[in-house]
Every structure is written in C-alpha cells, then in structure tokens.
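> Next comes the structure file start29.txt, holding compact mmCIF, N, CA and C atoms.
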```txt
# COMPACT_ATOMS: atom_id res chain seq x y z
N MET Q 712 6.83 -168.34 -28.05
CA MET Q 712 8.02 -169.16 -28.16
C MET Q 712 8.83 -168.98 -26.87
N PRO Q 713 9.20 -170.06 -26.20
CA PRO Q 713 9.93 -169.95 -24.94
C PRO Q 713 11.29 -169.28 -25.12
N ALA Q 714 11.75 -168.58 -24.08
CA ALA Q 714 13.06 -167.93 -24.12
C ALA Q 714 14.14 -168.97 -24.37
N GLY Q 715 15.16 -168.58 -25.09
CA GLY Q 715 16.27 -169.49 -25.37
C GLY Q 715 16.05 -170.35 -26.60
N THR Q 716 14.88 -170.22 -27.21
CA THR Q 716 14.58 -170.98 -28.43
C THR Q 716 15.26 -170.29 -29.60
N PRO Q 717 15.82 -171.07 -30.52
CA PRO Q 717 16.42 -170.43 -31.69
C PRO Q 717 15.40 -169.52 -32.39
N TYR Q 718 15.88 -168.40 -32.89
CA TYR Q 718 15.07 -167.46 -33.65
C TYR Q 718 14.03 -166.73 -32.82
N GLU Q 719 14.19 -166.71 -31.49
CA GLU Q 719 13.21 -166.04 -30.64
C GLU Q 719 13.13 -164.54 -30.92
N ASP Q 720 14.19 -163.95 -31.49
CA ASP Q 720 14.17 -162.53 -31.79
C ASP Q 720 13.57 -162.24 -33.16
N ALA Q 721 13.26 -163.26 -33.92
CA ALA Q 721 12.69 -163.08 -35.25
C ALA Q 721 11.24 -162.63 -35.13
N ILE Q 722 10.78 -161.87 -36.10
CA ILE Q 722 9.38 -161.47 -36.13
C ILE Q 722 8.51 -162.67 -36.47
N HIS Q 723 9.00 -163.52 -37.37
CA HIS Q 723 8.28 -164.73 -37.79
C HIS Q 723 9.17 -165.95 -37.55
N PRO Q 724 9.30 -166.36 -36.27
CA PRO Q 724 10.24 -167.44 -35.95
C PRO Q 724 9.95 -168.77 -36.65
N ASP Q 725 8.67 -169.08 -36.89
CA ASP Q 725 8.35 -170.34 -37.57
C ASP Q 725 8.84 -170.31 -39.01
N LEU Q 726 8.68 -169.16 -39.66
CA LEU Q 726 9.17 -169.00 -41.03
C LEU Q 726 10.69 -169.11 -41.06
N VAL Q 727 11.35 -168.43 -40.13
CA VAL Q 727 12.82 -168.47 -40.08
C VAL Q 727 13.29 -169.90 -39.85
N ALA Q 728 12.66 -170.61 -38.95
CA ALA Q 728 13.05 -172.00 -38.67
C ALA Q 728 12.83 -172.88 -39.90
N SER Q 729 11.72 -172.67 -40.61
CA SER Q 729 11.43 -173.45 -41.80
C SER Q 729 12.47 -173.21 -42.89
N VAL Q 730 12.82 -171.94 -43.12
CA VAL Q 730 13.83 -171.62 -44.13
C VAL Q 730 15.19 -172.15 -43.69
N ALA Q 731 15.53 -172.00 -42.43
CA ALA Q 731 16.82 -172.48 -41.92
C ALA Q 731 16.97 -173.98 -42.13
N ALA Q 732 15.88 -174.72 -41.99
CA ALA Q 732 15.93 -176.18 -42.17
C ALA Q 732 16.23 -176.57 -43.61
N ARG Q 733 15.93 -175.67 -44.56
CA ARG Q 733 16.15 -175.98 -45.97
C ARG Q 733 17.45 -175.37 -46.52
N MET Q 734 18.16 -174.62 -45.71
CA MET Q 734 19.41 -174.00 -46.17
C MET Q 734 20.46 -175.09 -46.42
N PRO Q 735 21.26 -174.91 -47.47
CA PRO Q 735 22.29 -175.91 -47.77
C PRO Q 735 23.39 -175.91 -46.71
N GLY Q 736 24.11 -177.02 -46.67
CA GLY Q 736 25.23 -177.14 -45.74
C GLY Q 736 26.47 -176.43 -46.27
N GLU Q 737 27.50 -176.43 -45.47
CA GLU Q 737 28.75 -175.73 -45.82
C GLU Q 737 29.37 -176.28 -47.10
N CYS Q 738 29.33 -177.59 -47.29
CA CYS Q 738 29.92 -178.20 -48.48
C CYS Q 738 29.22 -177.69 -49.74
N GLU Q 739 27.89 -177.66 -49.71
CA GLU Q 739 27.14 -177.18 -50.86
C GLU Q 739 27.40 -175.70 -51.11
N LEU Q 740 27.48 -174.91 -50.03
CA LEU Q 740 27.77 -173.48 -50.19
C LEU Q 740 29.17 -173.26 -50.76
N ASP Q 741 30.12 -174.06 -50.30
CA ASP Q 741 31.48 -173.96 -50.86
C ASP Q 741 31.48 -174.28 -52.35
N GLY Q 742 30.74 -175.33 -52.73
CA GLY Q 742 30.65 -175.70 -54.14
C GLY Q 742 29.99 -174.63 -54.97
N LEU Q 743 28.94 -174.02 -54.44
CA LEU Q 743 28.25 -172.95 -55.16
C LEU Q 743 29.16 -171.73 -55.31
N GLY Q 744 29.87 -171.41 -54.25
CA GLY Q 744 30.82 -170.30 -54.32
C GLY Q 744 31.90 -170.54 -55.35
N GLN Q 745 32.41 -171.76 -55.39
CA GLN Q 745 33.44 -172.12 -56.37
C GLN Q 745 32.87 -172.03 -57.79
N LEU Q 746 31.63 -172.47 -57.98
CA LEU Q 746 31.00 -172.38 -59.29
C LEU Q 746 30.94 -170.93 -59.76
N PHE Q 747 30.48 -170.04 -58.89
CA PHE Q 747 30.37 -168.64 -59.28
C PHE Q 747 31.75 -168.01 -59.48
N GLU Q 748 32.73 -168.47 -58.74
CA GLU Q 748 34.09 -167.96 -58.95
C GLU Q 748 34.59 -168.36 -60.34
N VAL Q 749 34.37 -169.60 -60.72
CA VAL Q 749 34.80 -170.07 -62.05
C VAL Q 749 34.05 -169.31 -63.13
N LEU Q 750 32.77 -169.07 -62.92
CA LEU Q 750 31.96 -168.38 -63.92
C LEU Q 750 32.21 -166.88 -63.94
N GLY Q 751 32.97 -166.38 -62.99
CA GLY Q 751 33.28 -164.95 -62.93
C GLY Q 751 34.28 -164.50 -63.98
N ASP Q 752 34.78 -165.41 -64.79
CA ASP Q 752 35.77 -165.09 -65.82
C ASP Q 752 35.07 -165.05 -67.18
N ARG Q 753 35.22 -163.93 -67.90
CA ARG Q 753 34.53 -163.78 -69.19
C ARG Q 753 34.94 -164.82 -70.21
N THR Q 754 36.20 -165.19 -70.23
CA THR Q 754 36.64 -166.21 -71.20
C THR Q 754 35.96 -167.54 -70.93
N ARG Q 755 35.91 -167.93 -69.67
CA ARG Q 755 35.24 -169.19 -69.34
C ARG Q 755 33.75 -169.11 -69.65
N MET Q 756 33.13 -167.95 -69.41
CA MET Q 756 31.72 -167.79 -69.77
C MET Q 756 31.53 -167.95 -71.27
N ARG Q 757 32.41 -167.34 -72.06
CA ARG Q 757 32.29 -167.45 -73.52
C ARG Q 757 32.47 -168.88 -73.98
N ILE Q 758 33.41 -169.58 -73.37
CA ILE Q 758 33.62 -170.99 -73.74
C ILE Q 758 32.36 -171.79 -73.44
N LEU Q 759 31.79 -171.60 -72.25
CA LEU Q 759 30.58 -172.35 -71.90
C LEU Q 759 29.41 -172.00 -72.82
N LEU Q 760 29.28 -170.74 -73.16
CA LEU Q 760 28.22 -170.36 -74.09
C LEU Q 760 28.44 -170.99 -75.46
N ALA Q 761 29.69 -171.04 -75.90
CA ALA Q 761 30.00 -171.64 -77.20
C ALA Q 761 29.69 -173.13 -77.20
N VAL Q 762 30.15 -173.85 -76.18
CA VAL Q 762 29.92 -175.30 -76.16
C VAL Q 762 28.48 -175.64 -75.78
N SER Q 763 27.72 -174.63 -75.34
CA SER Q 763 26.27 -174.83 -75.16
C SER Q 763 25.59 -174.90 -76.53
N GLU Q 764 26.18 -174.23 -77.50
CA GLU Q 764 25.63 -174.21 -78.86
C GLU Q 764 26.01 -175.45 -79.65
N SER Q 765 27.28 -175.90 -79.48
CA SER Q 765 27.78 -177.03 -80.25
C SER Q 765 29.06 -177.55 -79.61
N ASP Q 766 29.30 -178.85 -79.73
CA ASP Q 766 30.58 -179.39 -79.31
C ASP Q 766 31.66 -178.72 -80.15
N MET Q 767 32.75 -178.32 -79.51
CA MET Q 767 33.81 -177.62 -80.24
C MET Q 767 35.18 -178.10 -79.79
N CYS Q 768 36.13 -178.07 -80.73
CA CYS Q 768 37.50 -178.43 -80.41
C CYS Q 768 38.27 -177.17 -79.98
N VAL Q 769 39.45 -177.37 -79.41
CA VAL Q 769 40.26 -176.26 -78.92
C VAL Q 769 40.60 -175.28 -80.03
N GLN Q 770 40.97 -175.79 -81.20
CA GLN Q 770 41.34 -174.90 -82.31
C GLN Q 770 40.18 -173.99 -82.71
N ASP Q 771 38.98 -174.56 -82.79
CA ASP Q 771 37.82 -173.77 -83.16
C ASP Q 771 37.46 -172.75 -82.08
N LEU Q 772 37.57 -173.16 -80.82
CA LEU Q 772 37.33 -172.23 -79.72
C LEU Q 772 38.35 -171.09 -79.74
N ALA Q 773 39.61 -171.42 -79.98
CA ALA Q 773 40.66 -170.40 -80.05
C ALA Q 773 40.37 -169.42 -81.17
N SER Q 774 39.93 -169.92 -82.31
CA SER Q 774 39.59 -169.07 -83.44
C SER Q 774 38.41 -168.16 -83.09
N LEU Q 775 37.38 -168.73 -82.50
CA LEU Q 775 36.19 -167.98 -82.11
C LEU Q 775 36.54 -166.85 -81.13
N LEU Q 776 37.39 -167.17 -80.16
CA LEU Q 776 37.69 -166.22 -79.08
C LEU Q 776 38.89 -165.32 -79.37
N GLY Q 777 39.59 -165.59 -80.47
CA GLY Q 777 40.78 -164.79 -80.78
C GLY Q 777 41.89 -165.01 -79.77
N MET Q 778 42.06 -166.25 -79.35
CA MET Q 778 43.06 -166.61 -78.34
C MET Q 778 43.97 -167.71 -78.87
N THR Q 779 45.04 -167.96 -78.15
CA THR Q 779 45.91 -169.09 -78.50
C THR Q 779 45.27 -170.39 -78.02
N LYS Q 780 45.65 -171.48 -78.67
CA LYS Q 780 45.15 -172.80 -78.23
C LYS Q 780 45.57 -173.07 -76.79
N SER Q 781 46.77 -172.65 -76.43
CA SER Q 781 47.28 -172.87 -75.08
C SER Q 781 46.40 -172.16 -74.04
N ALA Q 782 46.03 -170.92 -74.32
CA ALA Q 782 45.19 -170.16 -73.39
C ALA Q 782 43.81 -170.80 -73.25
N VAL Q 783 43.24 -171.25 -74.38
CA VAL Q 783 41.94 -171.90 -74.34
C VAL Q 783 42.04 -173.22 -73.57
N SER Q 784 43.09 -173.97 -73.82
CA SER Q 784 43.28 -175.24 -73.12
C SER Q 784 43.36 -175.04 -71.61
N HIS Q 785 44.03 -173.97 -71.20
CA HIS Q 785 44.13 -173.66 -69.76
C HIS Q 785 42.74 -173.40 -69.17
N GLN Q 786 41.93 -172.64 -69.88
CA GLN Q 786 40.58 -172.34 -69.39
C GLN Q 786 39.71 -173.60 -69.40
N LEU Q 787 39.85 -174.41 -70.42
CA LEU Q 787 39.09 -175.66 -70.48
C LEU Q 787 39.46 -176.58 -69.33
N ALA Q 788 40.72 -176.60 -68.95
CA ALA Q 788 41.15 -177.44 -67.83
C ALA Q 788 40.43 -177.01 -66.55
N SER Q 789 40.31 -175.71 -66.35
CA SER Q 789 39.60 -175.20 -65.17
C SER Q 789 38.12 -175.59 -65.22
N LEU Q 790 37.51 -175.45 -66.38
CA LEU Q 790 36.10 -175.82 -66.52
C LEU Q 790 35.89 -177.32 -66.33
N LYS Q 791 36.83 -178.10 -66.83
CA LYS Q 791 36.73 -179.56 -66.69
C LYS Q 791 36.92 -179.98 -65.23
N ALA Q 792 37.88 -179.34 -64.55
CA ALA Q 792 38.12 -179.65 -63.14
C ALA Q 792 36.90 -179.34 -62.28
N ASN Q 793 36.11 -178.38 -62.71
CA ASN Q 793 34.91 -178.00 -61.97
C ASN Q 793 33.65 -178.67 -62.53
N ARG Q 794 33.86 -179.68 -63.37
CA ARG Q 794 32.79 -180.51 -63.93
C ARG Q 794 31.74 -179.71 -64.71
N LEU Q 795 32.22 -178.66 -65.40
CA LEU Q 795 31.32 -177.85 -66.22
C LEU Q 795 31.38 -178.22 -67.70
N VAL Q 796 32.49 -178.82 -68.13
CA VAL Q 796 32.61 -179.31 -69.49
C VAL Q 796 33.07 -180.77 -69.45
N SER Q 797 32.73 -181.46 -70.52
CA SER Q 797 33.21 -182.83 -70.72
C SER Q 797 33.93 -182.86 -72.05
N SER Q 798 34.66 -183.92 -72.29
CA SER Q 798 35.39 -184.02 -73.55
C SER Q 798 35.24 -185.41 -74.13
N ARG Q 799 35.40 -185.47 -75.44
CA ARG Q 799 35.42 -186.76 -76.14
C ARG Q 799 36.41 -186.62 -77.29
N ARG Q 800 37.07 -187.72 -77.58
CA ARG Q 800 38.09 -187.74 -78.63
C ARG Q 800 37.55 -188.43 -79.86
N GLU Q 801 37.81 -187.80 -81.00
CA GLU Q 801 37.54 -188.43 -82.31
C GLU Q 801 38.85 -188.36 -83.08
N GLY Q 802 39.56 -189.47 -83.11
CA GLY Q 802 40.88 -189.50 -83.74
C GLY Q 802 41.83 -188.61 -82.96
N ARG Q 803 42.39 -187.62 -83.62
CA ARG Q 803 43.34 -186.72 -82.96
C ARG Q 803 42.66 -185.46 -82.40
N VAL Q 804 41.37 -185.31 -82.63
CA VAL Q 804 40.67 -184.10 -82.22
C VAL Q 804 39.84 -184.37 -80.96
N VAL Q 805 39.97 -183.47 -79.98
CA VAL Q 805 39.18 -183.56 -78.75
C VAL Q 805 38.10 -182.49 -78.82
N TYR Q 806 36.87 -182.91 -78.60
CA TYR Q 806 35.72 -182.01 -78.62
C TYR Q 806 35.24 -181.78 -77.19
N TYR Q 807 34.84 -180.55 -76.93
CA TYR Q 807 34.35 -180.19 -75.61
C TYR Q 807 32.87 -179.84 -75.70
N ALA Q 808 32.14 -180.16 -74.63
CA ALA Q 808 30.71 -179.90 -74.55
C ALA Q 808 30.39 -179.55 -73.11
N CYS Q 809 29.19 -179.00 -72.90
CA CYS Q 809 28.74 -178.80 -71.52
C CYS Q 809 28.65 -180.16 -70.86
N ALA Q 810 29.04 -180.21 -69.61
CA ALA Q 810 29.08 -181.49 -68.90
C ALA Q 810 27.70 -182.14 -68.80
N ASP Q 811 26.67 -181.34 -68.67
CA ASP Q 811 25.31 -181.87 -68.63
C ASP Q 811 24.33 -180.76 -68.95
N GLU Q 812 23.07 -181.13 -69.00
CA GLU Q 812 22.02 -180.17 -69.36
C GLU Q 812 21.90 -179.05 -68.33
N HIS Q 813 22.24 -179.33 -67.07
CA HIS Q 813 22.17 -178.27 -66.05
C HIS Q 813 23.06 -177.09 -66.40
N VAL Q 814 24.24 -177.39 -66.91
CA VAL Q 814 25.19 -176.32 -67.26
C VAL Q 814 24.62 -175.47 -68.39
N SER Q 815 24.09 -176.12 -69.41
CA SER Q 815 23.49 -175.39 -70.53
C SER Q 815 22.31 -174.54 -70.06
N GLN Q 816 21.46 -175.11 -69.22
CA GLN Q 816 20.30 -174.39 -68.72
C GLN Q 816 20.73 -173.22 -67.83
N PHE Q 817 21.72 -173.45 -67.00
CA PHE Q 817 22.23 -172.41 -66.11
C PHE Q 817 22.76 -171.23 -66.93
N MET Q 818 23.52 -171.53 -67.96
CA MET Q 818 24.08 -170.47 -68.80
C MET Q 818 22.96 -169.74 -69.55
N ALA Q 819 21.99 -170.46 -70.06
CA ALA Q 819 20.89 -169.84 -70.79
C ALA Q 819 20.08 -168.93 -69.87
N LEU Q 820 19.77 -169.41 -68.67
CA LEU Q 820 19.01 -168.60 -67.72
C LEU Q 820 19.81 -167.38 -67.26
N GLY Q 821 21.08 -167.59 -67.01
CA GLY Q 821 21.93 -166.47 -66.60
C GLY Q 821 22.02 -165.41 -67.68
N LEU Q 822 22.17 -165.85 -68.92
CA LEU Q 822 22.24 -164.91 -70.04
C LEU Q 822 20.92 -164.18 -70.23
N GLU Q 823 19.82 -164.90 -70.09
CA GLU Q 823 18.50 -164.28 -70.20
C GLU Q 823 18.33 -163.21 -69.12
N HIS Q 824 18.74 -163.53 -67.91
CA HIS Q 824 18.65 -162.56 -66.81
C HIS Q 824 19.52 -161.34 -67.09
N ALA Q 825 20.74 -161.58 -67.52
CA ALA Q 825 21.67 -160.48 -67.81
C ALA Q 825 21.16 -159.62 -68.97
N ALA Q 826 20.59 -160.24 -69.99
CA ALA Q 826 20.07 -159.49 -71.12
C ALA Q 826 18.93 -158.59 -70.67
N GLY Q 827 18.11 -159.06 -69.76
CA GLY Q 827 17.04 -158.24 -69.21
C GLY Q 827 17.59 -157.04 -68.47
N SER Q 828 18.68 -157.23 -67.76
CA SER Q 828 19.32 -156.12 -67.04
C SER Q 828 19.89 -155.10 -68.01
N CYS Q 829 20.37 -155.57 -69.16
CA CYS Q 829 20.95 -154.66 -70.16
C CYS Q 829 19.87 -153.79 -70.80
N ARG Q 830 18.66 -154.31 -70.89
CA ARG Q 830 17.56 -153.56 -71.51
C ARG Q 830 16.83 -152.68 -70.50
N ALA Q 831 16.98 -152.97 -69.22
CA ALA Q 831 16.24 -152.23 -68.19
C ALA Q 831 16.83 -150.83 -68.03
N PRO Q 832 15.99 -149.86 -67.66
CA PRO Q 832 16.52 -148.53 -67.37
C PRO Q 832 17.51 -148.60 -66.21
N HIS Q 833 18.45 -147.71 -66.21
CA HIS Q 833 19.50 -147.75 -65.18
C HIS Q 833 19.08 -147.11 -63.87
N ALA Q 834 17.88 -146.57 -63.80
CA ALA Q 834 17.40 -146.02 -62.53
C ALA Q 834 17.17 -147.16 -61.56
N HIS Q 835 17.55 -146.95 -60.34
CA HIS Q 835 17.38 -147.97 -59.30
C HIS Q 835 16.17 -147.62 -58.46
N HIS Q 836 15.30 -148.57 -58.29
CA HIS Q 836 14.13 -148.36 -57.46
C HIS Q 836 14.34 -149.12 -56.17
N HIS Q 837 14.20 -148.43 -55.07
CA HIS Q 837 14.36 -149.06 -53.77
C HIS Q 837 13.01 -149.09 -53.06
N GLU Q 838 12.66 -150.24 -52.59
CA GLU Q 838 11.42 -150.34 -51.81
C GLU Q 838 11.72 -149.93 -50.39
N ASP Q 839 10.73 -149.31 -49.77
CA ASP Q 839 10.88 -148.97 -48.37
C ASP Q 839 10.81 -150.25 -47.56
N ILE Q 840 11.74 -150.41 -46.68
CA ILE Q 840 11.76 -151.58 -45.80
C ILE Q 840 11.32 -151.11 -44.43
N THR Q 841 10.25 -151.69 -43.97
CA THR Q 841 9.74 -151.31 -42.65
C THR Q 841 9.71 -152.53 -41.76
N GLU Q 842 9.94 -152.29 -40.54
CA GLU Q 842 9.87 -153.34 -39.53
C GLU Q 842 8.47 -153.35 -38.95
N GLU Q 843 7.96 -154.52 -38.63
CA GLU Q 843 6.63 -154.61 -38.01
C GLU Q 843 6.73 -154.34 -36.54
```
As structure tokens, please, write out the structure in this file.

Amino acid sequence: MPAGTPYEDAIHPDLVASVAARMPGECELDGLGQLFEVLGDRTRMRILLAVSESDMCVQDLASLLGMTKSAVSHQLASLKANRLVSSRREGRVVYYACADEHVSQFMALGLEHAAGSCRAPHAHHHEDITEE
C-alpha cells in the first residue's frame, strides 16, 4: 500500500477500509447513542417490556410499576418522543404499544442477552491479545 494511503499503519488495511466503508455516519451514531440513553432508565425499560406484552393504558402501567400516573406519563412522553412507543385512543382511554416490531425484538434480544449474563459465572475470562 503506498505511503499516505488511509490505514497504511493497519495490519490488515483492506479489512479496515472495508469495515470503515460500512460504518454508520454521525447522524446514525447520534441516534443510536440517544436510543441507548433513553433505554438506560429502568422505568422506561419496564414500560417497554410491558407494552411489548400487551397494549396498556397509563393507569394500568402505573399500577404495574407502583408509580403515579403523572410519573408514567412523563416516561411515556420520552419514549414517544424517541419513537419507541405509539398510542391510540379508545374513547377516554389512551393505550400505548411498542412503536414497531423492531422495538419489541430489540427488547426481547436485550433481555435474552442480559438473562444469559445473570446466569453466567462472574469470573471474567480475558483472551490474550497479541499483535502480529
């Protein structure tokens, strides 16, 4: 690889260039960071897990979570602003659901991964990292 070429210091410059070409842009990274920030709150995680099971109204969510309707509504507003939940009205009652199947799948996969971590032994295994 000629001097001055991007990734010339890499051991596998073609691999690095290939991966770099598929990396998301700043906008996508910002969106992903915001998603994980929103999901970093246990109450919002519980709400998403609940509405993954069934559409639920604020009163039922408040009862499930042992919170006030006002507190649940505040969390739902954050989830709705981040397009993680949707709502529909039936008379005077508003029901909340996961915004789409991606949200339900993401929560299910995340929970499955976390459950595996809870069952795994707490010993940490580190692989030796060697340079070629």
> Would you please extract all strand (DSSP E) residues from range 722-835 of chain Q, as assigned by DSSP on the backbone, and give them as a list of chain:residue names?
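Taking range 722-835 of chain Q and keeping strand (DSSP E) only, one gets Q:Met767, Q:Cys768, Q:Val796, Q:Ser797, Q:Ser798, Q:Arg799, Q:Arg800, Q:Glu801, Q:Val804, Q:Val805, Q:Tyr806, Q:Tyr807, Q:Ala808, Q:Cys809.
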> When you look at range 814-825 of chain Q with a cut-off of 7 Å (counting all atoms listed in the file), what residues show up, excluding the ones that are within fewer than 6 positions of it in the same chain? I need them as a count of residues only.
4
> Suppose you want the space between CA of Ala773 in chain Q and CA of Asn793 in chain Q; what is it in Å?
20.4 Å
> Restricting the calculation to all atoms listed in the file: of Q:Leu775, Q:Ile758, Q:Ala826, Q:Ala721, which residue gets closest to Leu787 in chain Q?
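Looking at the shortest contact to Leu787 in chain Q, the residue is Q:Ile758.
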> Which residue out of Q:Met767, Q:Arg803, Q:Arg733, Q:Ser789 has the minimum interatomic distance to Thr754 in chain Q when only C-alpha atoms are used?
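Among Q:Met767, Q:Arg803, Q:Arg733, Q:Ser789, it is Q:Ser789 that comes nearest to Thr754 in chain Q.
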> Please report the interatomic distance between atom N of Arg753 in chain Q and atom N of Cys829 in chain Q in Å with one decimal.
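Atom N of Cys829 in chain Q lies at a distance of 17.1 Å from atom N of Arg753 in chain Q.
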> Determine which residues of range 729-804 of chain Q DSSP labels as helix (DSSP H, G or I) from the backbone of this structure, then write them out as a PyMOL selection string.
chain Q and resi 729-733+737-750+753-764+769-776+780-792
> Determine, counting only C-alpha atoms, which protein, DNA and RNA residues have an atom within 8 Å of an atom of Val805 in chain Q; residues of the same chain fewer than 5 positions away are not included. Present the result as a PyMOL selection string.
chain Q and resi 768-769+798-800
> Using only C-alpha atoms, which of Q:Ser828, Q:Asp720, Q:Lys791, Q:Tyr806 sits nearest Ser765 in chain Q?
Q:Tyr806
> Of the candidates Q:Val749, Q:Val804, Q:Cys809, Q:Val796, which shows the shortest atom-to-atom distance to Asp766 in chain Q, using all atoms listed in the file?
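Looking at the shortest contact to Asp766 in chain Q, the residue is Q:Cys809.
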> CA of Ala792 in chain Q and CA of Gln745 in chain Q are how many Å apart?
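These atoms are spaced 11.2 Å apart.
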> From the set Q:Lys780, Q:Gln786, Q:Leu772, Q:Pro717, which residue has the shortest atom-to-atom contact distance to Leu750 in chain Q, counting only C-alpha atoms?
Q:Gln786
> Range 732-744 of chain Q from the block above, N, CA and C atoms, as a short mmCIF file (atom, residue, chain, number, x, y, z; two decimals), in the first residue's frame, please?

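File written: result.cif
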```
data_model
loop_
_atom_site.label_atom_id
_atom_site.label_comp_id
_atom_site.auth_asym_id
_atom_site.auth_seq_id
_atom_site.Cartn_x
_atom_site.Cartn_y
_atom_site.Cartn_z
N ALA Q 732 -15.88 1.55 5.44
CA ALA Q 732 -16.88 1.92 4.43
C ALA Q 732 -18.30 1.59 4.88
N ARG Q 733 -18.43 0.64 5.81
CA ARG Q 733 -19.76 0.24 6.28
C ARG Q 733 -20.15 0.89 7.61
N MET Q 734 -19.25 1.66 8.20
CA MET Q 734 -19.56 2.31 9.48
C MET Q 734 -20.64 3.37 9.28
N PRO Q 735 -21.55 3.50 10.24
CA PRO Q 735 -22.62 4.49 10.12
C PRO Q 735 -22.07 5.91 10.22
N GLY Q 736 -22.86 6.84 9.72
CA GLY Q 736 -22.48 8.25 9.78
C GLY Q 736 -22.78 8.84 11.16
N GLU Q 737 -22.41 10.08 11.33
CA GLU Q 737 -22.58 10.76 12.62
C GLU Q 737 -24.04 10.82 13.05
N CYS Q 738 -24.94 11.07 12.11
CA CYS Q 738 -26.37 11.16 12.44
C CYS Q 738 -26.88 9.84 13.01
N GLU Q 739 -26.51 8.73 12.36
CA GLU Q 739 -26.94 7.43 12.84
C GLU Q 739 -26.33 7.11 14.20
N LEU Q 740 -25.05 7.47 14.39
CA LEU Q 740 -24.41 7.24 15.69
C LEU Q 740 -25.06 8.07 16.78
N ASP Q 741 -25.41 9.31 16.46
CA ASP Q 741 -26.11 10.14 17.44
C ASP Q 741 -27.46 9.52 17.82
N GLY Q 742 -28.18 9.03 16.81
CA GLY Q 742 -29.47 8.39 17.07
C GLY Q 742 -29.33 7.14 17.91
N LEU Q 743 -28.31 6.34 17.63
CA LEU Q 743 -28.07 5.13 18.41
C LEU Q 743 -27.69 5.48 19.85
N GLY Q 744 -26.86 6.48 20.00
CA GLY Q 744 -26.49 6.93 21.35
C GLY Q 744 -27.70 7.41 22.13
#
```
